[in-house]
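Peer 1: My structure is in work-v5.cif, and what it holds is mmCIF, C-alpha atoms:
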data_protein
loop_
_atom_site.label_atom_id
_atom_site.label_comp_id
_atom_site.auth_asym_id
_atom_site.auth_seq_id
_atom_site.Cartn_x
_atom_site.Cartn_y
_atom_site.Cartn_z
CA MET A 1 92.43 127.56 82.32
CA PRO A 2 95.04 127.10 85.07
CA GLN A 3 97.05 123.90 85.15
CA LEU A 4 96.61 123.58 88.94
CA SER A 5 93.79 124.43 91.35
CA ILE A 6 95.02 124.99 94.90
CA ILE A 7 92.24 124.41 97.44
CA ILE A 8 92.77 125.73 100.97
CA PRO A 9 90.21 124.42 103.52
CA SER A 10 90.48 126.82 106.47
CA TYR A 11 89.20 126.56 110.02
CA ASN A 12 90.63 128.37 113.06
CA HIS A 13 94.25 128.27 111.89
CA ALA A 14 94.88 132.02 111.92
CA ARG A 15 98.22 131.57 113.69
CA PHE A 16 99.52 129.32 110.89
CA LEU A 17 98.10 131.15 107.86
CA ALA A 18 101.07 133.44 107.28
CA GLU A 19 103.43 130.48 106.86
CA ARG A 20 100.90 128.40 104.91
CA LEU A 21 100.07 131.14 102.39
CA SER A 22 103.66 132.29 102.02
CA SER A 23 104.73 128.68 101.32
CA ILE A 24 102.13 128.56 98.54
CA CYS A 25 103.01 131.94 97.03
CA ALA A 26 106.72 131.03 97.15
CA GLN A 27 106.27 128.00 94.87
CA ASP A 28 108.43 127.99 91.74
CA PHE A 29 105.26 127.22 89.75
CA ALA A 30 102.92 130.05 88.76
CA ASP A 31 100.13 128.50 86.66
CA PHE A 32 97.50 128.05 89.38
CA GLU A 33 94.24 129.37 90.77
CA LEU A 34 93.72 129.83 94.51
CA LEU A 35 90.43 128.72 96.11
CA VAL A 36 89.96 129.36 99.84
CA PHE A 37 87.05 127.82 101.78
CA ASP A 38 86.64 128.93 105.39
CA ASP A 39 84.40 126.79 107.63
CA ALA A 40 83.06 129.57 109.88
CA SER A 41 86.31 130.29 111.72
CA THR A 42 86.03 132.24 114.97
CA ASP A 43 89.68 133.29 115.37
CA GLY A 44 89.93 135.98 112.73
CA SER A 45 91.10 133.61 109.99
CA VAL A 46 89.01 135.29 107.27
CA GLN A 47 90.43 138.73 108.00
CA LYS A 48 93.93 137.22 108.09
CA ILE A 49 93.42 135.56 104.71
CA GLN A 50 92.17 138.81 103.15
CA GLU A 51 95.14 140.70 104.57
CA LEU A 52 97.77 138.16 103.49
CA LEU A 53 96.35 137.72 99.99
CA SER A 54 95.63 141.39 99.30
CA ASP A 55 98.00 141.40 96.31
CA GLN A 56 96.86 138.00 94.94
CA ARG A 57 93.95 136.85 92.80
CA TYR A 58 91.89 134.33 94.73
CA PHE A 59 88.37 133.05 95.40
CA LEU A 60 87.07 133.07 98.99
CA SER A 61 84.01 131.24 100.31
CA VAL A 62 82.99 131.60 103.98
CA ASN A 63 80.43 129.30 105.64
CA ALA A 64 77.86 130.95 107.88
CA THR A 65 77.96 127.95 110.24
CA ASN A 66 80.56 125.25 110.80
CA SER A 67 79.99 122.12 108.70
CA GLY A 68 81.10 119.69 111.42
CA SER A 69 83.58 117.83 109.22
CA PRO A 70 86.94 118.96 107.81
CA PHE A 71 86.06 117.16 104.55
CA LYS A 72 82.71 118.79 103.67
CA GLN A 73 84.34 121.74 101.92
CA TRP A 74 86.14 119.48 99.46
CA GLU A 75 83.03 118.81 97.34
CA ALA A 76 82.20 122.52 96.98
CA ALA A 77 85.79 123.29 96.00
CA LEU A 78 86.12 120.40 93.54
CA SER A 79 82.84 121.36 91.83
CA ILE A 80 84.23 124.78 90.77
CA ALA A 81 87.94 123.98 90.33
CA LYS A 82 89.18 124.65 86.79
CA GLY A 83 92.65 123.09 86.93
CA LYS A 84 93.76 119.82 85.39
CA TYR A 85 95.41 118.99 88.72
CA ILE A 86 94.26 119.54 92.30
CA TRP A 87 96.26 120.32 95.43
CA ILE A 88 94.32 120.43 98.71
CA ALA A 89 96.68 122.47 100.88
CA GLU A 90 95.58 122.24 104.51
CA SER A 91 95.70 125.64 106.22
CA ASP A 92 97.98 124.58 109.09
CA ASP A 93 100.65 122.83 106.97
CA SER A 94 103.64 124.08 105.00
CA CYS A 95 105.87 122.92 102.15
CA ASP A 96 109.10 123.26 100.22
CA PRO A 97 109.17 125.87 97.37
CA ALA A 98 109.76 123.04 94.88
CA PHE A 99 106.81 120.93 96.05
CA VAL A 100 104.40 121.71 93.20
CA SER A 101 106.90 121.75 90.34
CA SER A 102 108.48 118.49 91.53
CA LEU A 103 105.21 116.58 91.78
CA ILE A 104 103.74 117.92 88.54
CA GLN A 105 106.97 117.08 86.72
CA ARG A 106 106.78 113.53 88.07
CA LEU A 107 103.06 113.28 87.21
CA GLN A 108 103.75 114.28 83.63
CA SER A 109 106.91 112.25 83.08
CA ALA A 110 105.31 109.09 84.49
CA ARG A 111 101.90 109.85 82.93
CA ALA A 112 100.49 109.32 86.40
CA ALA A 113 97.14 110.27 87.94
CA ILE A 114 98.24 110.96 91.51
CA ALA A 115 101.53 111.92 93.16
CA PHE A 116 102.48 112.45 96.78
CA SER A 117 105.66 113.26 98.64
CA ARG A 118 107.08 112.09 101.92
CA THR A 119 105.93 114.26 104.81
CA ARG A 120 107.96 115.64 107.67
CA SER A 121 106.23 116.52 110.96
CA ILE A 122 106.75 119.98 112.48
CA ASP A 123 105.61 121.59 115.71
CA GLU A 124 103.68 124.85 116.13
CA GLN A 125 106.88 126.89 115.72
CA GLY A 126 107.93 125.01 112.58
CA ASN A 127 110.62 122.88 114.25
CA CYS A 128 111.06 119.37 112.83
CA LEU A 129 109.82 116.52 115.03
CA ASP A 130 111.32 113.05 115.25
CA ILE A 131 108.12 111.21 114.30
CA PRO A 132 108.29 108.07 112.09
CA TYR A 133 106.65 108.31 108.67
CA TRP A 134 103.27 106.57 109.09
CA PRO A 135 103.34 104.34 105.91
CA GLU A 136 106.73 102.84 106.80
CA ALA A 137 104.99 100.59 109.33
CA VAL A 138 103.47 98.76 106.35
CA ASN A 139 106.55 98.53 104.11
CA LYS A 140 109.64 100.46 105.15
CA ALA A 141 111.72 99.44 102.11
CA PHE A 142 109.05 100.61 99.66
CA PHE A 143 108.82 104.11 101.12
CA ALA A 144 112.59 104.50 101.35
CA GLU A 145 112.89 105.46 97.68
CA HIS A 146 110.97 106.92 94.73
CA GLN A 147 108.17 104.68 93.46
CA THR A 148 105.78 104.45 90.50
CA ILE A 149 103.15 101.69 90.52
CA PRO A 150 99.57 101.21 89.25
CA CYS A 151 96.89 102.85 91.40
CA SER A 152 95.00 99.55 91.67
CA GLN A 153 98.11 97.83 93.07
CA PHE A 154 98.75 100.60 95.59
CA LEU A 155 95.11 100.36 96.71
CA ARG A 156 95.34 96.56 97.10
CA ASP A 157 98.75 96.27 98.73
CA PHE A 158 98.88 99.31 101.01
CA MET A 159 95.59 101.08 101.72
CA PRO A 160 93.70 98.33 103.64
CA ALA A 161 96.44 98.31 106.28
CA ARG A 162 96.34 102.03 107.03
CA ASN A 163 96.20 105.34 105.19
CA CYS A 164 99.48 105.20 103.29
CA ILE A 165 98.78 108.64 101.80
CA PRO A 166 98.81 110.11 105.30
CA ASN A 167 98.86 113.85 104.61
CA THR A 168 96.41 115.47 102.22
CA SER A 169 98.72 118.47 101.78
CA SER A 170 101.38 116.18 100.30
CA VAL A 171 99.24 115.13 97.31
CA ILE A 172 98.57 116.47 93.82
CA PHE A 173 96.02 114.50 91.82
CA THR A 174 94.33 114.61 88.42
CA LEU A 175 90.82 116.06 88.19
CA GLN A 176 90.53 116.18 84.39
CA GLY A 177 88.32 113.29 83.31
CA PHE A 178 87.63 112.28 86.93
CA ARG A 179 85.52 115.15 88.31
CA GLU A 180 82.41 113.03 88.98
CA GLN A 181 84.47 110.38 90.74
CA ALA A 182 86.18 113.07 92.85
CA LEU A 183 82.83 114.61 93.82
CA TYR A 184 81.51 111.19 94.82
CA ALA A 185 84.66 110.46 96.83
CA SER A 186 84.39 113.82 98.60
CA ARG A 187 80.77 113.11 99.56
CA GLN A 188 81.84 109.79 101.09
CA ALA A 189 84.69 111.51 102.94
CA ALA A 190 82.33 114.14 104.37
CA ARG A 191 80.49 111.46 106.36
CA TYR A 192 83.50 111.22 108.68
CA ARG A 193 85.55 113.41 110.94
CA TYR A 194 88.81 111.42 111.16
CA VAL A 195 89.12 108.96 108.26
CA GLY A 196 87.54 110.90 105.38
CA ASP A 197 90.84 111.49 103.60
CA TRP A 198 91.73 107.78 103.79
CA LEU A 199 88.46 106.81 102.09
CA PHE A 200 88.75 109.68 99.59
CA TRP A 201 92.12 108.41 98.35
CA CYS A 202 90.83 104.83 98.19
CA TYR A 203 87.86 105.84 96.02
CA MET A 204 90.16 107.89 93.76
CA LEU A 205 92.72 105.08 93.46
CA LYS A 206 89.92 102.71 92.50
CA ALA A 207 88.63 105.21 89.92
CA TYR A 208 92.13 105.72 88.45
CA GLY A 209 92.52 101.94 88.05
CA SER A 210 95.52 101.10 85.88
CA ASN A 211 96.76 104.71 85.91
CA ARG A 212 99.87 105.25 88.00
CA VAL A 213 100.56 106.62 91.45
CA VAL A 214 103.93 108.29 92.03
CA TYR A 215 105.68 108.55 95.40
CA GLU A 216 108.35 111.22 95.87
CA HIS A 217 110.77 110.14 98.59
CA ARG A 218 112.05 113.65 99.35
CA PRO A 219 110.15 115.25 102.30
CA LEU A 220 108.73 118.22 100.38
CA CYS A 221 105.70 118.65 102.61
CA TYR A 222 105.45 119.54 106.32
CA HIS A 223 102.57 118.40 108.50
CA ARG A 224 101.81 120.58 111.52
CA ASP A 225 101.46 118.61 114.73
CA HIS A 226 99.48 120.69 117.24
CA ASP A 227 96.79 120.40 119.90
CA SER A 228 93.83 121.15 117.60
CA SER A 229 94.72 118.87 114.67
CA THR A 230 92.60 115.77 113.98
CA ARG A 231 95.57 113.58 114.98
CA ALA A 232 95.98 115.17 118.42
CA PRO A 233 95.08 113.12 121.55
CA SER A 234 91.53 113.88 122.60
CA ALA A 235 88.83 112.88 125.06
CA ARG A 236 87.86 109.23 125.55
CA ARG A 237 84.57 109.75 123.68
CA ASN A 238 86.35 111.22 120.65
CA GLU A 239 88.83 108.34 120.67
CA LYS A 240 85.90 105.91 120.51
CA ILE A 241 84.51 107.77 117.50
CA HIS A 242 87.97 107.71 115.90
CA ILE A 243 88.36 103.93 116.30
CA LYS A 244 84.78 103.26 115.19
CA GLU A 245 85.41 105.30 112.05
CA TYR A 246 88.70 103.49 111.49
CA SER A 247 87.01 100.09 111.72
CA ASP A 248 84.23 101.21 109.36
CA ALA A 249 86.86 102.44 106.89
CA VAL A 250 88.66 99.08 106.99
CA ASN A 251 85.41 97.29 106.17
CA GLN A 252 84.61 99.65 103.31
CA ILE A 253 88.09 99.43 101.79
CA LEU A 254 88.09 95.62 101.90
CA LEU A 255 84.57 95.42 100.43
CA MET A 256 85.59 97.95 97.76
CA GLN A 257 88.07 95.35 96.50
CA GLY A 258 85.72 92.39 96.80
CA TYR A 259 87.18 90.99 100.03
CA HIS A 260 84.40 89.49 102.13
CA ALA A 261 85.82 86.37 103.76
CA PRO A 262 86.98 86.37 107.40
CA SER A 263 90.25 84.88 106.13
CA VAL A 264 91.22 88.34 104.90
CA TYR A 265 90.80 89.65 108.42
CA LEU A 266 92.80 86.73 109.79
CA ARG A 267 95.66 87.39 107.36
CA ALA A 268 95.59 91.11 108.07
CA ILE A 269 95.65 90.73 111.82
CA PHE A 270 98.61 88.31 111.65
CA LEU A 271 100.41 90.84 109.47
CA ARG A 272 99.75 93.35 112.29
CA TRP A 273 97.95 95.74 109.94
CA TRP A 274 95.61 97.18 112.56
CA ASP A 275 97.52 96.73 115.80
CA TRP A 276 97.55 100.44 116.60
CA SER A 277 93.74 100.59 116.73
CA TYR A 278 93.54 97.65 119.17
CA THR A 279 96.33 99.13 121.27
CA GLU A 280 94.43 102.43 121.41
CA TYR A 281 91.25 100.56 122.29
CA PHE A 282 92.71 98.63 125.21
CA TRP A 283 95.15 101.16 126.64
CA ARG A 284 93.46 104.50 126.03
CA ILE A 285 89.73 103.69 126.00
CA LYS A 286 90.03 100.94 128.65
CA PRO A 287 86.91 98.86 127.85
CA ALA A 288 84.90 97.18 130.59
CA LYS A 289 85.60 93.48 131.30
CA LEU A 290 82.15 92.48 130.04
CA GLU A 291 82.80 94.30 126.78
CA ILE A 292 86.08 92.41 126.35
CA LEU A 293 84.47 89.04 127.14
CA LEU A 294 81.63 89.59 124.65
CA GLY A 295 84.17 90.00 121.89
CA SER A 296 82.08 92.65 120.16
CA PRO A 297 83.43 95.99 121.32
CA GLN A 298 81.29 99.06 120.94
CA CYS A 299 83.85 100.76 118.72
CA GLY A 300 82.98 98.88 115.56
CA LEU A 301 86.04 96.62 115.61
CA HIS A 302 85.46 93.53 113.47
CA THR A 303 84.72 90.56 115.74
CA THR A 304 86.88 88.02 113.86
CA ALA A 305 89.91 90.28 113.84
CA TYR A 306 89.23 91.23 117.45
CA TRP A 307 89.34 87.67 118.73
CA VAL A 308 92.39 86.79 116.61
CA TYR A 309 94.14 89.79 118.14
CA ILE A 310 93.18 88.59 121.65
CA ALA A 311 94.40 85.04 120.89
CA ARG A 312 97.61 86.24 119.31
CA SER A 313 98.31 88.49 122.30
CA PHE A 314 97.58 85.66 124.77
CA PHE A 315 99.76 83.08 123.02
CA GLY A 316 102.47 85.69 122.51
CA ARG A 317 102.58 86.34 126.27
CA LEU A 318 102.47 82.58 126.95
CA ILE A 319 105.42 81.91 124.62
CA ARG A 320 107.44 84.74 126.16
CA ALA A 321 106.69 83.43 129.66
CA MET A 322 107.75 79.91 128.68
CA ALA A 323 110.98 81.30 127.21
CA VAL A 324 111.74 83.10 130.50
CA VAL A 325 111.02 79.92 132.54
CA SER A 326 113.18 77.86 130.19
CA ALA A 327 116.07 80.33 130.46
CA ARG A 328 115.87 80.32 134.25
CA LEU A 329 115.80 76.49 134.39
CA LYS A 330 118.87 76.32 132.17
CA ALA A 331 120.63 78.84 134.38
CA PHE A 332 119.64 76.86 137.52
CA ILE A 333 120.84 73.52 136.06
CA SER A 334 124.13 74.96 134.90
#
Just give me the structure of the file as C-alpha cells.

Peer 2:
Amino acid sequence: MPQLSIIIPSYNHARFLAERLSSICAQDFADFELLVFDDASTDGSVQKIQELLSDQRYFLSVNATNSGSPFKQWEAALSIAKGKYIWIAESDDSCDPAFVSSLIQRLQSARAAIAFSRTRSIDEQGNCLDIPYWPEAVNKAFFAEHQTIPCSQFLRDFMPARNCIPNTSSVIFTLQGFREQALYASRQAARYRYVGDWLFWCYMLKAYGSNRVVYEHRPLCYHRDHDSSTRAPSARRNEKIHIKEYSDAVNQILLMQGYHAPSVYLRAIFLRWWDWSYTEYFWRIKPAKLEILLGSPQCGLHTTAYWVYIARSFFGRLIRAMAVVSARLKAFIS
C-alpha cells in the first residue's frame, strides 16, 4: 500500500509532459503510485506518456471521447487510488523536488488533513512570471507565512471570497477515512468547467471539519500560465459561462455554511470579496444597458450583491468627484 497516490489528469499537454513527469520522478519521496488519466488527447500525449514513463511502474487510463470537464477524471482516479494521501498533479504544471516530502512532513507533524504550498506562476518556457498570489487579495498577512488552522475555519474565513487553494497541483490531502466524501466532492466538481476545484476543496474542508489545514509559505509548486489553460482569456461566451459558474459557486459555498440572509452578501460586497467578477462582467462582457437597469444580469450574479456593487461604485465616483471639486475650490480661493 503506497503512502501517496499521484493522479495526473492529462489533456493535450504533450509539450509540457517531459517537465511535469520529470518533476514528479525527481521528488525526494519514493513511496507512491502513479495513476495517469488521459481525456482523449489529440496531440500525441498518450504516446509521450508511454515513452517518458517506460522505466516506471504506472497505471494509464485513456478515454475514448473527451469528457468535457477537466474534473470528471478525478472521481475515476479517486475510486481506485490506494494511497493514504492524494496529490492531483496537473499535467501542465511543475514543482520543486522537495514538494511532496515537505507537505507530507507538515501533514504528519501537524496531524493535518490537507496541506498546500504557495504557487509561483511560470510561462510556457518555465520562466517565472510576476503575477500576484491569488489568495493574498483576501488576507495578505495570513499568506505571508506558514499557517495551521482548522479546516472549518479556513472554509468560513477564506473560501467564500475566492478559491484560496488556487492551484490543485499545490495540494496533498488525506483520502484515508474520507474516500466517500472525496468521491462526492469530485462528482460535484465535474458539473463545472472553471470552478470545480474551488467547490471540491470546499466540500473536502467541510468533511474534514475540525481537522487541520496546513499552508506552506515556500513556493514549492509552479502553475503554468498558457493560452489553453482554464485561466486564460477566452471568448465572450466562455467568459459568461465562467462568471455564471463563479456566482453559482458563491451561492453554494455560502449555503454550505448555513448563510442565507442577504446581509451576508452585503457584508461580502463591502469587503470587496467578489469585485473581480463584477469588473470582468462590466469591462469584458459589456452587458447591454437594459440588462444593467434590470439588475438581474444573465450571468447568475446575485441581485442583492449586484445592486450594492452598483451603488458602491456610484457613491465612490461621487465622493471622488466632490473631493476633486473641493480641492479646486480651495486652490481657487487661495

Peer 1: If the PyMOL selection byres ((chain A and resi 218) around 7) is run on the structure shown, which residues does it catch, given as a ChimeraX atom specification?

Peer 2: /A:117-118,216-217,219-220

Peer 1: Show me a table, sorted first by chain and then by increasing residue number, of the residues of range 151-233 of chain A having an atom at most 12 Å from range 43-67 of chain A, each with its shortest atom pair and the distance in Å to one decimal, counting all atoms listed in the file and written as JSON lines.

Peer 2:
{"residue": "A:Ala190", "atom": "CA", "partner": "A:Ser67", "partner_atom": "CA", "distance": 9.4}
{"residue": "A:Arg191", "atom": "CA", "partner": "A:Ser67", "partner_atom": "CA", "distance": 10.9}
{"residue": "A:Tyr192", "atom": "CA", "partner": "A:Ser67", "partner_atom": "CA", "distance": 11.5}
{"residue": "A:Arg193", "atom": "CA", "partner": "A:Ser67", "partner_atom": "CA", "distance": 10.6}

Peer 1: Counting all atoms listed in the file, which of A:Glu75, A:Leu183, A:Val250, A:Ser91 gets nearest to Arg15 in chain A?

Peer 2: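 Closest to Arg15 in chain A, using all atoms listed in the file: A:Ser91.
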
Peer 1: Since I can't run it myself right now, could you work out what the PyMOL selection byres ((chain A and resi 150-158) around 6) selects here and report it as a PDB file with C-alpha atoms, keeping the file's coordinate frame?

Peer 2:
ATOM      1  CA  ILE A 149     103.150 101.690  90.520  1.00  0.00           C
ATOM      2  CA  MET A 159      95.590 101.080 101.720  1.00  0.00           C
ATOM      3  CA  PRO A 160      93.700  98.330 103.640  1.00  0.00           C
ATOM      4  CA  ALA A 161      96.440  98.310 106.280  1.00  0.00           C
ATOM      5  CA  LEU A 205      92.720 105.080  93.460  1.00  0.00           C
ATOM      6  CA  GLY A 209      92.520 101.940  88.050  1.00  0.00           C
ATOM      7  CA  SER A 210      95.520 101.100  85.880  1.00  0.00           C
ATOM      8  CA  ASN A 211      96.760 104.710  85.910  1.00  0.00           C
ATOM      9  CA  ARG A 212      99.870 105.250  88.000  1.00  0.00           C
ATOM     10  CA  VAL A 213     100.560 106.620  91.450  1.00  0.00           C
TER      11      VAL A 213
END

Peer 1: Would you mind reading off the distance between CA of Asp93 in chain A and CA of Ile165 in chain A, one decimal, in Å?

Peer 2: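 These two atoms are separated by 15.2 Å.
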
Peer 1: Quick one: apply the PyMOL selection byres ((chain A and resi 27-38) around 7) to the file and drop the selected residues here as a list in words.

Peer 2: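 For this structure, the PyMOL selection byres ((chain A and resi 27-38) around 7) resolves to Pro2, Gln3, Leu4, Ser5, Ile6, Ile7, Ile8, Pro9, Ser10, Tyr11, Ser23, Ile24, Cys25, Ala26, Asp39, Ala40, Ser41, Tyr58, Phe59, Leu60, Ser61, Val62, Asn63, Gln73, Pro97, Ala98, Val100 and Ser101 of chain A.
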
Peer 1: Report, in Å to a single decimal, how far apart CA of Phe71 in chain A and CA of Thr279 in chain A are.

Peer 2: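 Computed distance, CA of Thr279 in chain A to CA of Phe71 in chain A, equals 26.6 Å.
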
Peer 1: As an exercise, work out the distance from CA of Trp274 in chain A to CA of Leu318 in chain A in Å and give it to one decimal place.

Peer 2: 21.6 Å

Peer 1: Excluding Phe178 in chain A and its own-chain neighbours fewer than 2 positions away, which residues fall within 10 Å of it when counting all atoms listed in the file? Please give them as number ranges by chain.

Peer 2: A: 84, 113, 173-176, 180-183, 204, 207-208

Peer 1: Which one is closest to Phe270 in chain A: A:Ala305, A:Leu199, A:Ile86, A:Leu78? Count only C-alpha atoms.

Peer 2: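 Nearest candidate to Phe270 in chain A out of A:Ala305, A:Leu199, A:Ile86, A:Leu78: A:Ala305.
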
Peer 1: Have a look at A:Phe314, A:Phe332, A:Tyr203, A:Arg179 and name the one nearest to Met256 in chain A; count only C-alpha atoms.

Peer 2: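 Checking each of A:Phe314, A:Phe332, A:Tyr203, A:Arg179 against Met256 in chain A, counting only C-alpha atoms, the winner is A:Tyr203.
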
Peer 1: Measuring between only C-alpha atoms, which one of A:Gln257, A:Met322, A:Glu145, A:Gly177 shows the shortest distance to Gly83 in chain A?

Peer 2: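 Answer, going by the shortest atom-to-atom distance: A:Gly177.
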
Peer 1: My list of candidates is A:Ile122, A:Ala18, A:Ile310, A:Cys164. Which is closest to Leu293 in chain A when distances are computed with all atoms listed in the file?

Peer 2: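 Between A:Ile122, A:Ala18, A:Ile310, A:Cys164, the residue approaching Leu293 in chain A most closely is A:Ile310.
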
Peer 1: Using all atoms listed in the file, which protein or nucleic acid residues come within 12 Å of Gln252 in chain A? Drop anything in the same chain fewer than 2 positions from it, and give the result as a ChimeraX atom specification.

Peer 2: /A:159-160,188-189,195-196,198-200,202-203,245-250,254-260,302

Peer 1: Go through A:Ser22, A:Gln108, A:Ser313, A:Thr119 one by one, measure the shortest atom-to-atom distance of each to Pro166 in chain A using only C-alpha atoms, and give the residue with the smallest value.

Peer 2: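 Closest candidate: A:Thr119.
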
Peer 1: Which residues come within 6 Å of Ala115 in chain A, counting only C-alpha atoms, excluding same-chain residues fewer than 2 positions away, as a ChimeraX atom specification?

Peer 2: /A:171-172,213-215

Peer 1: List the neighbours of Cys128 in chain A out to 12 Å using all atoms listed in the file; skip same-chain residues closer than 4 positions along the sequence, and give me the result as a ChimeraX atom specification.

Peer 2: /A:94,119-124,132,219,221-225
